[in-house]
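**Student:** First the structure, then my questions, so here it is.
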Amino acid sequence: MFRILKADFLAPEVKRFHIEAPRIARKRLPGQFVIVRLDEHGERIPLTISDADVTEGWISLIVQGVGKTTMALNLLESGDLIADVAGPLGVPSHIENFGTAVSIGGGVGTAIAYPTAVALKEAGNSVLAIVGGRSREYVILEQELGEVCDEVYPTTDDGSYGFHGFVTEKLQELLDTGRTIDHVLAIGPIPMMKAVADVTRPYGIKTVVSLNPIMVDGTGMCGGCRVSVGGETKFACVDGPEFDAHQVDFELLTLRNRTYLEFEHRKLQEFQCRTQSGDIT
Ligand SMILES: Cc1cc2nc3c(=O)[nH]c(=O)nc-3n(C[C@H](O)[C@H](O)[C@H](O)COP(=O)(O)OP(=O)(O)OC[C@H]3O[C@@H](n4cnc5c(N)ncnc54)[C@H](O)[C@@H]3O)c2cc1C
Ligand code: FES
């Protein structure tokens, strides 16, 4: 059992948990994730390790409530227990001194962009962060990124805060002003990651995305997380989740992620009925 030490909302439906997991905290590297199972009947869901403290023995996860399991998780509070937290899993981010690196996070993707931004800075890069949200309240971790990055640009779709527009438009603006950018990491919704790849492709800027296919075991055995990269089939859980953005087949990833939509929708409705009737066990 894994104890929740702290839980707080960063944005509507986006909650940050500090979870007691000293062994994972010791081993984890930026870019890695865990597979979480709330209880013995629960489904397994992948969540990125956003931060960790080796001395205090915790990892932090930032969770956006989008379906049954993430919404159930976001009902938990400090002191509650989680049945399984398995990890760290996945290949750590490739970190080196590229020169100027831009870390781009869309919505909850910022939770994943954060640890890599920290590592890129530690490796000697000049690090710029672009953090996007639908509106001001959805921009997360701006302060934390400000403490490690050279420049942070919040963007909002509705213009309620920071740059008015998408993260890709801010990136394009930086490129138009002649900024030299050597490396881009983008994490967020699939259309956002694809759009970032389209912006950087003509400039030949190495661009990495962290893919979010459906995962089950997280160990390379079930095949659930198959993605196509450069025409080759890869398993995101063991070959990724980070891949060369210019090689990813985003259309196939979108289609595969829709496979269980009907089932997911039904499970969410059942969960909502149970929470409304007070039966949330
Ligand atoms: C390596 C990896 C790291 C991740 N890290 C985080 C994280 O740090 N924080 C976070 O909030 N989420 C993260 N996700 C996404 C998270 O795993 C899904 O949101 C979660 O599995 C949805 O489960 P659910 O039962 O709540 O919703 P479901 O009912 O399973 O799905 C609800 C909706 O979310 C979509 N969805 C389902 N699975 C995924 C997925 N893997 N990625 C994107 N959309 C999905 C469905 O298509 C559906 O529209 C990560 C995914 C991967 C693969
Ligand atoms: S999640 Fe099963 S092979 Fe990747």
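So you can find residues: chains in the structure tokens are A, B, ... in the order shown, residues in each start at 1, and ligands are numbered from 1 in order.
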Hey, what's within 6 Å of stretch 119-131 of chain A if we count only C-alpha atoms and toss same-chain stuff fewer than 4 positions away? As number ranges by chain, please?

**Tutor:** A: 96-97, 99-106, 149-154

**Student:** What residues have any atom no more than 7 Å from ligand 1 when counting only C-alpha atoms and all ligand atoms, and can you list them as a PDB file with all heavy atoms, in the first residue's frame?

**Tutor:**
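Okay, pocket08.pdb is ready:
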ATOM      1  N   PHE A  33       7.727   6.978 -15.701  1.00  0.00           N
ATOM      2  CA  PHE A  33       6.364   6.984 -15.176  1.00  0.00           C
ATOM      3  C   PHE A  33       6.138   5.779 -14.270  1.00  0.00           C
ATOM      4  O   PHE A  33       7.016   4.924 -14.124  1.00  0.00           O
ATOM      5  CB  PHE A  33       5.356   6.990 -16.344  1.00  0.00           C
ATOM      6  CG  PHE A  33       5.408   5.776 -17.231  1.00  0.00           C
ATOM      7  CD1 PHE A  33       4.562   4.700 -17.017  1.00  0.00           C
ATOM      8  CD2 PHE A  33       6.317   5.693 -18.272  1.00  0.00           C
ATOM      9  CE1 PHE A  33       4.606   3.576 -17.820  1.00  0.00           C
ATOM     10  CE2 PHE A  33       6.377   4.569 -19.089  1.00  0.00           C
ATOM     11  CZ  PHE A  33       5.517   3.505 -18.868  1.00  0.00           C
ATOM     12  N   ILE A  45      -3.343   2.433 -14.612  1.00  0.00           N
ATOM     13  CA  ILE A  45      -3.164   3.619 -15.464  1.00  0.00           C
ATOM     14  C   ILE A  45      -1.742   4.172 -15.307  1.00  0.00           C
ATOM     15  O   ILE A  45      -1.180   4.175 -14.227  1.00  0.00           O
ATOM     16  CB  ILE A  45      -4.209   4.731 -15.180  1.00  0.00           C
ATOM     17  CG1 ILE A  45      -4.117   5.270 -13.744  1.00  0.00           C
ATOM     18  CG2 ILE A  45      -5.615   4.277 -15.506  1.00  0.00           C
ATOM     19  CD1 ILE A  45      -4.735   6.645 -13.595  1.00  0.00           C
ATOM     20  N   PRO A  46      -1.168   4.620 -16.431  1.00  0.00           N
ATOM     21  CA  PRO A  46       0.174   5.206 -16.356  1.00  0.00           C
ATOM     22  C   PRO A  46       0.116   6.673 -15.946  1.00  0.00           C
ATOM     23  O   PRO A  46      -0.739   7.424 -16.410  1.00  0.00           O
ATOM     24  CB  PRO A  46       0.666   5.083 -17.809  1.00  0.00           C
ATOM     25  CG  PRO A  46      -0.557   5.057 -18.648  1.00  0.00           C
ATOM     26  CD  PRO A  46      -1.691   4.560 -17.809  1.00  0.00           C
ATOM     27  N   LEU A  47       1.026   7.073 -15.067  1.00  0.00           N
ATOM     28  CA  LEU A  47       1.127   8.478 -14.651  1.00  0.00           C
ATOM     29  C   LEU A  47       2.605   8.832 -14.527  1.00  0.00           C
ATOM     30  O   LEU A  47       3.390   8.060 -13.955  1.00  0.00           O
ATOM     31  CB  LEU A  47       0.423   8.698 -13.306  1.00  0.00           C
ATOM     32  CG  LEU A  47      -1.103   8.512 -13.310  1.00  0.00           C
ATOM     33  CD1 LEU A  47      -1.633   8.445 -11.879  1.00  0.00           C
ATOM     34  CD2 LEU A  47      -1.809   9.616 -14.081  1.00  0.00           C
ATOM     35  N   THR A  48       2.973   9.983 -15.032  1.00  0.00           N
ATOM     36  CA  THR A  48       4.382  10.390 -15.015  1.00  0.00           C
ATOM     37  C   THR A  48       4.822  10.827 -13.619  1.00  0.00           C
ATOM     38  O   THR A  48       4.043  11.436 -12.886  1.00  0.00           O
ATOM     39  CB  THR A  48       4.568  11.561 -15.994  1.00  0.00           C
ATOM     40  OG1 THR A  48       4.175  11.086 -17.262  1.00  0.00           O
ATOM     41  CG2 THR A  48       6.004  12.036 -16.051  1.00  0.00           C
ATOM     42  N   ILE A  49       6.056  10.515 -13.283  1.00  0.00           N
ATOM     43  CA  ILE A  49       6.613  10.993 -12.015  1.00  0.00           C
ATOM     44  C   ILE A  49       7.035  12.445 -12.250  1.00  0.00           C
ATOM     45  O   ILE A  49       7.995  12.721 -12.967  1.00  0.00           O
ATOM     46  CB  ILE A  49       7.822  10.139 -11.588  1.00  0.00           C
ATOM     47  CG1 ILE A  49       7.423   8.658 -11.530  1.00  0.00           C
ATOM     48  CG2 ILE A  49       8.370  10.630 -10.247  1.00  0.00           C
ATOM     49  CD1 ILE A  49       8.602   7.705 -11.435  1.00  0.00           C
ATOM     50  N   SER A  50       6.299  13.355 -11.657  1.00  0.00           N
ATOM     51  CA  SER A  50       6.545  14.768 -11.931  1.00  0.00           C
ATOM     52  C   SER A  50       7.708  15.312 -11.113  1.00  0.00           C
ATOM     53  O   SER A  50       8.422  16.210 -11.544  1.00  0.00           O
ATOM     54  CB  SER A  50       5.276  15.560 -11.636  1.00  0.00           C
ATOM     55  OG  SER A  50       5.453  16.886 -12.010  1.00  0.00           O
ATOM     56  N   LEU A  61       2.804  12.973  -8.306  1.00  0.00           N
ATOM     57  CA  LEU A  61       2.055  12.687  -9.528  1.00  0.00           C
ATOM     58  C   LEU A  61       1.043  13.808  -9.697  1.00  0.00           C
ATOM     59  O   LEU A  61       0.475  14.276  -8.702  1.00  0.00           O
ATOM     60  CB  LEU A  61       1.305  11.351  -9.409  1.00  0.00           C
ATOM     61  CG  LEU A  61       2.122  10.107  -9.027  1.00  0.00           C
ATOM     62  CD1 LEU A  61       1.201   8.907  -8.883  1.00  0.00           C
ATOM     63  CD2 LEU A  61       3.205   9.823 -10.068  1.00  0.00           C
ATOM     64  N   ILE A  62       0.842  14.232 -10.926  1.00  0.00           N
ATOM     65  CA  ILE A  62      -0.168  15.270 -11.179  1.00  0.00           C
ATOM     66  C   ILE A  62      -1.211  14.659 -12.110  1.00  0.00           C
ATOM     67  O   ILE A  62      -0.872  14.157 -13.183  1.00  0.00           O
ATOM     68  CB  ILE A  62       0.480  16.526 -11.788  1.00  0.00           C
ATOM     69  CG1 ILE A  62       1.490  17.102 -10.777  1.00  0.00           C
ATOM     70  CG2 ILE A  62      -0.591  17.562 -12.131  1.00  0.00           C
ATOM     71  CD1 ILE A  62       2.221  18.332 -11.220  1.00  0.00           C
ATOM     72  N   VAL A  63      -2.446  14.676 -11.655  1.00  0.00           N
ATOM     73  CA  VAL A  63      -3.473  13.863 -12.313  1.00  0.00           C
ATOM     74  C   VAL A  63      -4.627  14.724 -12.807  1.00  0.00           C
ATOM     75  O   VAL A  63      -5.217  15.485 -12.036  1.00  0.00           O
ATOM     76  CB  VAL A  63      -4.034  12.820 -11.313  1.00  0.00           C
ATOM     77  CG1 VAL A  63      -5.007  11.886 -12.014  1.00  0.00           C
ATOM     78  CG2 VAL A  63      -2.905  12.041 -10.662  1.00  0.00           C
ATOM     79  N   GLN A  64      -4.942  14.562 -14.085  1.00  0.00           N
ATOM     80  CA  GLN A  64      -6.109  15.251 -14.625  1.00  0.00           C
ATOM     81  C   GLN A  64      -7.278  14.268 -14.671  1.00  0.00           C
ATOM     82  O   GLN A  64      -7.176  13.201 -15.280  1.00  0.00           O
ATOM     83  CB  GLN A  64      -5.812  15.746 -16.035  1.00  0.00           C
ATOM     84  CG  GLN A  64      -6.990  16.490 -16.647  1.00  0.00           C
ATOM     85  CD  GLN A  64      -6.590  17.252 -17.877  1.00  0.00           C
ATOM     86  OE1 GLN A  64      -5.707  16.821 -18.622  1.00  0.00           O
ATOM     87  NE2 GLN A  64      -7.221  18.382 -18.104  1.00  0.00           N
ATOM     88  N   GLY A  65      -8.359  14.628 -14.027  1.00  0.00           N
ATOM     89  CA  GLY A  65      -9.535  13.744 -13.990  1.00  0.00           C
ATOM     90  C   GLY A  65     -10.252  13.760 -15.324  1.00  0.00           C
ATOM     91  O   GLY A  65     -10.944  14.713 -15.653  1.00  0.00           O
ATOM     92  N   VAL A  66     -10.044  12.690 -16.130  1.00  0.00           N
ATOM     93  CA  VAL A  66     -10.693  12.636 -17.450  1.00  0.00           C
ATOM     94  C   VAL A  66     -11.650  11.455 -17.573  1.00  0.00           C
ATOM     95  O   VAL A  66     -12.471  11.409 -18.482  1.00  0.00           O
ATOM     96  CB  VAL A  66      -9.665  12.544 -18.607  1.00  0.00           C
ATOM     97  CG1 VAL A  66      -8.880  13.835 -18.749  1.00  0.00           C
ATOM     98  CG2 VAL A  66      -8.728  11.354 -18.436  1.00  0.00           C
ATOM     99  N   GLY A  67     -11.513  10.478 -16.682  1.00  0.00           N
ATOM    100  CA  GLY A  67     -12.344   9.281 -16.790  1.00  0.00           C
ATOM    101  C   GLY A  67     -12.483   8.647 -15.429  1.00  0.00           C
ATOM    102  O   GLY A  67     -12.122   9.241 -14.397  1.00  0.00           O
ATOM    103  N   LYS A  68     -12.963   7.409 -15.420  1.00  0.00           N
ATOM    104  CA  LYS A  68     -13.322   6.778 -14.145  1.00  0.00           C
ATOM    105  C   LYS A  68     -12.155   6.735 -13.156  1.00  0.00           C
ATOM    106  O   LYS A  68     -12.285   7.175 -12.009  1.00  0.00           O
ATOM    107  CB  LYS A  68     -13.822   5.353 -14.425  1.00  0.00           C
ATOM    108  CG  LYS A  68     -14.234   4.637 -13.174  1.00  0.00           C
ATOM    109  CD  LYS A  68     -14.343   3.148 -13.392  1.00  0.00           C
ATOM    110  CE  LYS A  68     -14.214   2.469 -12.050  1.00  0.00           C
ATOM    111  NZ  LYS A  68     -13.541   1.208 -12.119  1.00  0.00           N
ATOM    112  N   THR A  69     -11.015   6.225 -13.572  1.00  0.00           N
ATOM    113  CA  THR A  69      -9.936   6.010 -12.598  1.00  0.00           C
ATOM    114  C   THR A  69      -9.286   7.319 -12.156  1.00  0.00           C
ATOM    115  O   THR A  69      -9.018   7.509 -10.968  1.00  0.00           O
ATOM    116  CB  THR A  69      -8.884   5.041 -13.185  1.00  0.00           C
ATOM    117  OG1 THR A  69      -9.566   3.828 -13.524  1.00  0.00           O
ATOM    118  CG2 THR A  69      -7.785   4.739 -12.188  1.00  0.00           C
ATOM    119  N   THR A  70      -9.047   8.212 -13.103  1.00  0.00           N
ATOM    120  CA  THR A  70      -8.414   9.479 -12.711  1.00  0.00           C
ATOM    121  C   THR A  70      -9.364  10.317 -11.840  1.00  0.00           C
ATOM    122  O   THR A  70      -8.920  10.997 -10.914  1.00  0.00           O
ATOM    123  CB  THR A  70      -7.957  10.289 -13.946  1.00  0.00           C
ATOM    124  OG1 THR A  70      -9.015  10.305 -14.905  1.00  0.00           O
ATOM    125  CG2 THR A  70      -6.719   9.691 -14.570  1.00  0.00           C
ATOM    126  N   MET A  71     -10.665  10.234 -12.097  1.00  0.00           N
ATOM    127  CA  MET A  71     -11.609  10.989 -11.251  1.00  0.00           C
ATOM    128  C   MET A  71     -11.684  10.374  -9.856  1.00  0.00           C
ATOM    129  O   MET A  71     -11.763  11.088  -8.856  1.00  0.00           O
ATOM    130  CB  MET A  71     -12.992  11.035 -11.887  1.00  0.00           C
ATOM    131  CG  MET A  71     -13.047  12.008 -13.044  1.00  0.00           C
ATOM    132  SD  MET A  71     -14.711  12.159 -13.654  1.00  0.00           S
ATOM    133  CE  MET A  71     -14.442  13.194 -15.080  1.00  0.00           C
ATOM    134  N   VAL A 108      -2.053  19.362 -18.522  1.00  0.00           N
ATOM    135  CA  VAL A 108      -1.396  18.482 -17.555  1.00  0.00           C
ATOM    136  C   VAL A 108      -0.050  17.966 -18.090  1.00  0.00           C
ATOM    137  O   VAL A 108       0.786  17.482 -17.334  1.00  0.00           O
ATOM    138  CB  VAL A 108      -2.343  17.326 -17.139  1.00  0.00           C
ATOM    139  CG1 VAL A 108      -2.371  16.248 -18.200  1.00  0.00           C
ATOM    140  CG2 VAL A 108      -1.937  16.743 -15.786  1.00  0.00           C
ATOM    141  N   GLY A 109       0.178  18.118 -19.397  1.00  0.00           N
ATOM    142  CA  GLY A 109       1.472  17.756 -19.982  1.00  0.00           C
ATOM    143  C   GLY A 109       2.618  18.516 -19.325  1.00  0.00           C
ATOM    144  O   GLY A 109       3.763  18.055 -19.318  1.00  0.00           O
ATOM    145  N   ALA A 111       3.132  18.789 -16.294  1.00  0.00           N
ATOM    146  CA  ALA A 111       3.613  17.947 -15.192  1.00  0.00           C
ATOM    147  C   ALA A 111       4.745  17.047 -15.663  1.00  0.00           C
ATOM    148  O   ALA A 111       5.642  16.699 -14.897  1.00  0.00           O
ATOM    149  CB  ALA A 111       2.468  17.080 -14.664  1.00  0.00           C
ATOM    150  N   ILE A 112       4.683  16.689 -16.933  1.00  0.00           N
ATOM    151  CA  ILE A 112       5.672  15.775 -17.499  1.00  0.00           C
ATOM    152  C   ILE A 112       6.870  16.575 -18.026  1.00  0.00           C
ATOM    153  O   ILE A 112       8.021  16.141 -17.945  1.00  0.00           O
ATOM    154  CB  ILE A 112       4.998  14.938 -18.613  1.00  0.00           C
ATOM    155  CG1 ILE A 112       3.807  14.177 -18.007  1.00  0.00           C
ATOM    156  CG2 ILE A 112       5.986  13.982 -19.266  1.00  0.00           C
ATOM    157  CD1 ILE A 112       2.814  13.675 -19.010  1.00  0.00           C
ATOM    158  N   LEU A 211       4.732  10.251 -25.684  1.00  0.00           N
ATOM    159  CA  LEU A 211       3.450   9.736 -26.201  1.00  0.00           C
ATOM    160  C   LEU A 211       2.583   9.134 -25.100  1.00  0.00           C
ATOM    161  O   LEU A 211       3.087   8.632 -24.099  1.00  0.00           O
ATOM    162  CB  LEU A 211       3.704   8.720 -27.306  1.00  0.00           C
ATOM    163  CG  LEU A 211       4.453   9.279 -28.520  1.00  0.00           C
ATOM    164  CD1 LEU A 211       4.548   8.224 -29.618  1.00  0.00           C
ATOM    165  CD2 LEU A 211       3.797  10.550 -29.061  1.00  0.00           C
ATOM    166  N   ASN A 212       1.274   9.191 -25.337  1.00  0.00           N
ATOM    167  CA  ASN A 212       0.312   8.786 -24.312  1.00  0.00           C
ATOM    168  C   ASN A 212      -0.653   7.721 -24.824  1.00  0.00           C
ATOM    169  O   ASN A 212      -1.865   7.895 -24.714  1.00  0.00           O
ATOM    170  CB  ASN A 212      -0.460  10.008 -23.812  1.00  0.00           C
ATOM    171  CG  ASN A 212      -1.089  10.776 -24.965  1.00  0.00           C
ATOM    172  OD1 ASN A 212      -0.908  10.419 -26.130  1.00  0.00           O
ATOM    173  ND2 ASN A 212      -1.839  11.796 -24.665  1.00  0.00           N
ATOM    174  N   PRO A 213      -0.150   6.619 -25.399  1.00  0.00           N
ATOM    175  CA  PRO A 213      -1.073   5.572 -25.831  1.00  0.00           C
ATOM    176  C   PRO A 213      -1.690   4.863 -24.628  1.00  0.00           C
ATOM    177  O   PRO A 213      -1.224   5.024 -23.501  1.00  0.00           O
ATOM    178  CB  PRO A 213      -0.167   4.601 -26.593  1.00  0.00           C
ATOM    179  CG  PRO A 213       1.156   4.775 -25.969  1.00  0.00           C
ATOM    180  CD  PRO A 213       1.248   6.217 -25.564  1.00  0.00           C
ATOM    181  N   ILE A 214      -2.719   4.082 -24.898  1.00  0.00           N
ATOM    182  CA  ILE A 214      -3.314   3.274 -23.828  1.00  0.00           C
ATOM    183  C   ILE A 214      -2.269   2.251 -23.386  1.00  0.00           C
ATOM    184  O   ILE A 214      -1.622   1.610 -24.215  1.00  0.00           O
ATOM    185  CB  ILE A 214      -4.577   2.576 -24.354  1.00  0.00           C
ATOM    186  CG1 ILE A 214      -5.669   3.628 -24.565  1.00  0.00           C
ATOM    187  CG2 ILE A 214      -5.044   1.473 -23.419  1.00  0.00           C
ATOM    188  CD1 ILE A 214      -6.822   3.185 -25.392  1.00  0.00           C
ATOM    189  N   MET A 215      -2.080   2.136 -22.082  1.00  0.00           N
ATOM    190  CA  MET A 215      -1.119   1.160 -21.559  1.00  0.00           C
ATOM    191  C   MET A 215      -1.827   0.220 -20.601  1.00  0.00           C
ATOM    192  O   MET A 215      -2.790   0.624 -19.940  1.00  0.00           O
ATOM    193  CB  MET A 215       0.008   1.866 -20.818  1.00  0.00           C
ATOM    194  CG  MET A 215       0.943   2.599 -21.737  1.00  0.00           C
ATOM    195  SD  MET A 215       2.377   3.210 -20.841  1.00  0.00           S
ATOM    196  CE  MET A 215       3.239   4.014 -22.182  1.00  0.00           C
ATOM    197  N   CYS A 237       5.826   1.860 -23.731  1.00  0.00           N
ATOM    198  CA  CYS A 237       6.184   1.671 -22.316  1.00  0.00           C
ATOM    199  C   CYS A 237       7.639   1.268 -22.124  1.00  0.00           C
ATOM    200  O   CYS A 237       8.229   1.610 -21.107  1.00  0.00           O
ATOM    201  CB  CYS A 237       5.254   0.654 -21.655  1.00  0.00           C
ATOM    202  SG  CYS A 237       5.410  -1.014 -22.296  1.00  0.00           S
ATOM    203  N   PRO A 241       8.467   6.506 -23.088  1.00  0.00           N
ATOM    204  CA  PRO A 241       7.422   7.108 -23.947  1.00  0.00           C
ATOM    205  C   PRO A 241       7.903   8.254 -24.839  1.00  0.00           C
ATOM    206  O   PRO A 241       7.124   8.768 -25.616  1.00  0.00           O
ATOM    207  CB  PRO A 241       6.392   7.625 -22.926  1.00  0.00           C
ATOM    208  CG  PRO A 241       7.181   7.891 -21.688  1.00  0.00           C
ATOM    209  CD  PRO A 241       8.303   6.875 -21.662  1.00  0.00           C
ATOM    210  N   ASN A 257      -6.125   5.382 -29.650  1.00  0.00           N
ATOM    211  CA  ASN A 257      -6.583   5.876 -28.343  1.00  0.00           C
ATOM    212  C   ASN A 257      -8.110   5.958 -28.256  1.00  0.00           C
ATOM    213  O   ASN A 257      -8.662   6.086 -27.176  1.00  0.00           O
ATOM    214  CB  ASN A 257      -5.974   7.249 -28.033  1.00  0.00           C
ATOM    215  CG  ASN A 257      -4.645   7.111 -27.304  1.00  0.00           C
ATOM    216  OD1 ASN A 257      -4.107   6.016 -27.202  1.00  0.00           O
ATOM    217  ND2 ASN A 257      -4.115   8.201 -26.801  1.00  0.00           N
ATOM    218  N   ARG A 258      -8.776   5.867 -29.446  1.00  0.00           N
ATOM    219  CA  ARG A 258     -10.255   5.913 -29.432  1.00  0.00           C
ATOM    220  C   ARG A 258     -10.870   4.521 -29.335  1.00  0.00           C
ATOM    221  O   ARG A 258     -12.097   4.383 -29.289  1.00  0.00           O
ATOM    222  CB  ARG A 258     -10.763   6.576 -30.717  1.00  0.00           C
ATOM    223  CG  ARG A 258     -10.467   8.055 -30.763  1.00  0.00           C
ATOM    224  CD  ARG A 258     -11.264   8.718 -31.885  1.00  0.00           C
ATOM    225  NE  ARG A 258     -10.814  10.089 -32.078  1.00  0.00           N
ATOM    226  CZ  ARG A 258     -10.534  10.609 -33.258  1.00  0.00           C
ATOM    227  NH1 ARG A 258     -10.657   9.897 -34.354  1.00  0.00           N
ATOM    228  NH2 ARG A 258     -10.140  11.864 -33.341  1.00  0.00           N
ATOM    229  N   LEU A 261     -13.405   3.982 -26.440  1.00  0.00           N
ATOM    230  CA  LEU A 261     -14.185   5.160 -26.022  1.00  0.00           C
ATOM    231  C   LEU A 261     -15.553   4.812 -25.443  1.00  0.00           C
ATOM    232  O   LEU A 261     -15.950   5.329 -24.397  1.00  0.00           O
ATOM    233  CB  LEU A 261     -14.375   6.109 -27.208  1.00  0.00           C
ATOM    234  CG  LEU A 261     -13.336   7.210 -27.377  1.00  0.00           C
ATOM    235  CD1 LEU A 261     -13.762   8.202 -28.445  1.00  0.00           C
ATOM    236  CD2 LEU A 261     -13.089   7.940 -26.053  1.00  0.00           C
ATOM    237  N   GLU A 264     -15.129   3.246 -22.063  1.00  0.00           N
ATOM    238  CA  GLU A 264     -14.676   4.251 -21.090  1.00  0.00           C
ATOM    239  C   GLU A 264     -15.833   5.161 -20.681  1.00  0.00           C
ATOM    240  O   GLU A 264     -15.984   5.514 -19.509  1.00  0.00           O
ATOM    241  CB  GLU A 264     -13.543   5.095 -21.703  1.00  0.00           C
ATOM    242  CG  GLU A 264     -12.235   4.338 -21.842  1.00  0.00           C
ATOM    243  CD  GLU A 264     -11.267   4.978 -22.826  1.00  0.00           C
ATOM    244  OE1 GLU A 264     -11.616   5.984 -23.474  1.00  0.00           O
ATOM    245  OE2 GLU A 264     -10.156   4.465 -22.964  1.00  0.00           O
ATOM    246  N   HIS A 265     -16.657   5.501 -21.670  1.00  0.00           N
ATOM    247  CA  HIS A 265     -17.789   6.387 -21.408  1.00  0.00           C
ATOM    248  C   HIS A 265     -18.788   5.697 -20.458  1.00  0.00           C
ATOM    249  O   HIS A 265     -19.280   6.305 -19.511  1.00  0.00           O
ATOM    250  CB  HIS A 265     -18.458   6.719 -22.745  1.00  0.00           C
ATOM    251  CG  HIS A 265     -19.529   7.749 -22.620  1.00  0.00           C
ATOM    252  ND1 HIS A 265     -19.285   9.017 -22.173  1.00  0.00           N
ATOM    253  CD2 HIS A 265     -20.869   7.686 -22.846  1.00  0.00           C
ATOM    254  CE1 HIS A 265     -20.415   9.701 -22.138  1.00  0.00           C
ATOM    255  NE2 HIS A 265     -21.405   8.909 -22.534  1.00  0.00           N
ATOM    256  N   LYS A 267     -18.172   3.272 -18.302  1.00  0.00           N
ATOM    257  CA  LYS A 267     -17.568   3.151 -16.959  1.00  0.00           C
ATOM    258  C   LYS A 267     -17.652   4.486 -16.214  1.00  0.00           C
ATOM    259  O   LYS A 267     -17.898   4.527 -15.007  1.00  0.00           O
ATOM    260  CB  LYS A 267     -16.091   2.735 -17.081  1.00  0.00           C
ATOM    261  CG  LYS A 267     -15.917   1.280 -17.381  1.00  0.00           C
ATOM    262  CD  LYS A 267     -16.250   0.486 -16.146  1.00  0.00           C
ATOM    263  CE  LYS A 267     -16.414  -0.971 -16.386  1.00  0.00           C
ATOM    264  NZ  LYS A 267     -17.089  -1.690 -15.310  1.00  0.00           N
ATOM    265  N   LEU A 268     -17.439   5.581 -16.952  1.00  0.00           N
ATOM    266  CA  LEU A 268     -17.495   6.904 -16.318  1.00  0.00           C
ATOM    267  C   LEU A 268     -18.924   7.191 -15.840  1.00  0.00           C
ATOM    268  O   LEU A 268     -19.130   7.676 -14.721  1.00  0.00           O
ATOM    269  CB  LEU A 268     -17.035   7.982 -17.313  1.00  0.00           C
ATOM    270  CG  LEU A 268     -17.088   9.425 -16.789  1.00  0.00           C
ATOM    271  CD1 LEU A 268     -16.229   9.584 -15.538  1.00  0.00           C
ATOM    272  CD2 LEU A 268     -16.620  10.413 -17.856  1.00  0.00           C
TER     273      LEU A 268
END

**Student:** Which residues are near ligand 2 in this structure, taking near to mean any atom at most 12 Å from a ligand atom and counting only C-alpha atoms and all ligand atoms? Format them as a ChimeraX atom specification.

**Tutor:** /A:33-35,44-46,89-90,211-227,233-241

**Student:** Just write the chosen residues, C-alpha atoms, as a PDB file, in the first residue's frame.

**Tutor:**
ATOM      1  CA  PHE A  33       6.364   6.984 -15.176  1.00  0.00           C
ATOM      2  CA  VAL A  34       4.573   4.612 -12.828  1.00  0.00           C
ATOM      3  CA  ILE A  35       1.560   2.332 -13.298  1.00  0.00           C
ATOM      4  CA  ARG A  44      -3.895   0.081 -14.294  1.00  0.00           C
ATOM      5  CA  ILE A  45      -3.164   3.619 -15.464  1.00  0.00           C
ATOM      6  CA  PRO A  46       0.174   5.206 -16.356  1.00  0.00           C
ATOM      7  CA  LEU A  89       9.026   2.539 -15.906  1.00  0.00           C
ATOM      8  CA  GLY A  90      10.034   3.699 -19.375  1.00  0.00           C
ATOM      9  CA  LEU A 211       3.450   9.736 -26.201  1.00  0.00           C
ATOM     10  CA  ASN A 212       0.312   8.786 -24.312  1.00  0.00           C
ATOM     11  CA  PRO A 213      -1.073   5.572 -25.831  1.00  0.00           C
ATOM     12  CA  ILE A 214      -3.314   3.274 -23.828  1.00  0.00           C
ATOM     13  CA  MET A 215      -1.119   1.160 -21.559  1.00  0.00           C
ATOM     14  CA  VAL A 216      -1.906  -1.945 -19.551  1.00  0.00           C
ATOM     15  CA  ASP A 217       1.105  -3.770 -18.097  1.00  0.00           C
ATOM     16  CA  GLY A 218       3.796  -1.161 -18.819  1.00  0.00           C
ATOM     17  CA  THR A 219       6.389  -3.892 -19.296  1.00  0.00           C
ATOM     18  CA  GLY A 220       6.329  -4.565 -23.039  1.00  0.00           C
ATOM     19  CA  MET A 221       4.282  -7.751 -22.853  1.00  0.00           C
ATOM     20  CA  CYS A 222       0.653  -6.834 -23.654  1.00  0.00           C
ATOM     21  CA  GLY A 223       1.255  -4.783 -26.818  1.00  0.00           C
ATOM     22  CA  GLY A 224      -1.428  -2.276 -25.792  1.00  0.00           C
ATOM     23  CA  CYS A 225       0.838   0.729 -26.208  1.00  0.00           C
ATOM     24  CA  ARG A 226       1.914   0.036 -29.822  1.00  0.00           C
ATOM     25  CA  VAL A 227       2.882   3.180 -31.731  1.00  0.00           C
ATOM     26  CA  THR A 233       6.276  -0.508 -34.456  1.00  0.00           C
ATOM     27  CA  LYS A 234       7.438   0.509 -30.993  1.00  0.00           C
ATOM     28  CA  PHE A 235       6.061  -0.154 -27.539  1.00  0.00           C
ATOM     29  CA  ALA A 236       5.793   3.196 -25.786  1.00  0.00           C
ATOM     30  CA  CYS A 237       6.184   1.671 -22.316  1.00  0.00           C
ATOM     31  CA  VAL A 238       9.596   0.118 -22.921  1.00  0.00           C
ATOM     32  CA  ASP A 239      10.908   1.890 -26.054  1.00  0.00           C
ATOM     33  CA  GLY A 240       9.546   5.291 -24.947  1.00  0.00           C
ATOM     34  CA  PRO A 241       7.422   7.108 -23.947  1.00  0.00           C
TER      35      PRO A 241
END

**Student:** Rounded to one decimal place, report the atom CA of A:Leu175-atom CA of A:Ala113 distance in Å.

**Tutor:**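 Atom CA of A:Ala113 lies 20.1 Å from atom CA of A:Leu175.
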
**Student:** I need the residues of stretch 19-248 of chain A that end up classed as strand (DSSP E) by DSSP on the backbone, written out as a PyMOL selection string.

**Tutor:** chain A and resi 19-20+33-37+45-48+51-53+58-64+81-82+84-89+100-106+126-133+151-156+163-164+183-187+206-210+226-229+232-235+242-244

**Student:** Can you tell me how far atom CA of A:Leu174 sits from atom CA of A:Val14, in Å to one decimal?

**Tutor:** 28.8 Å
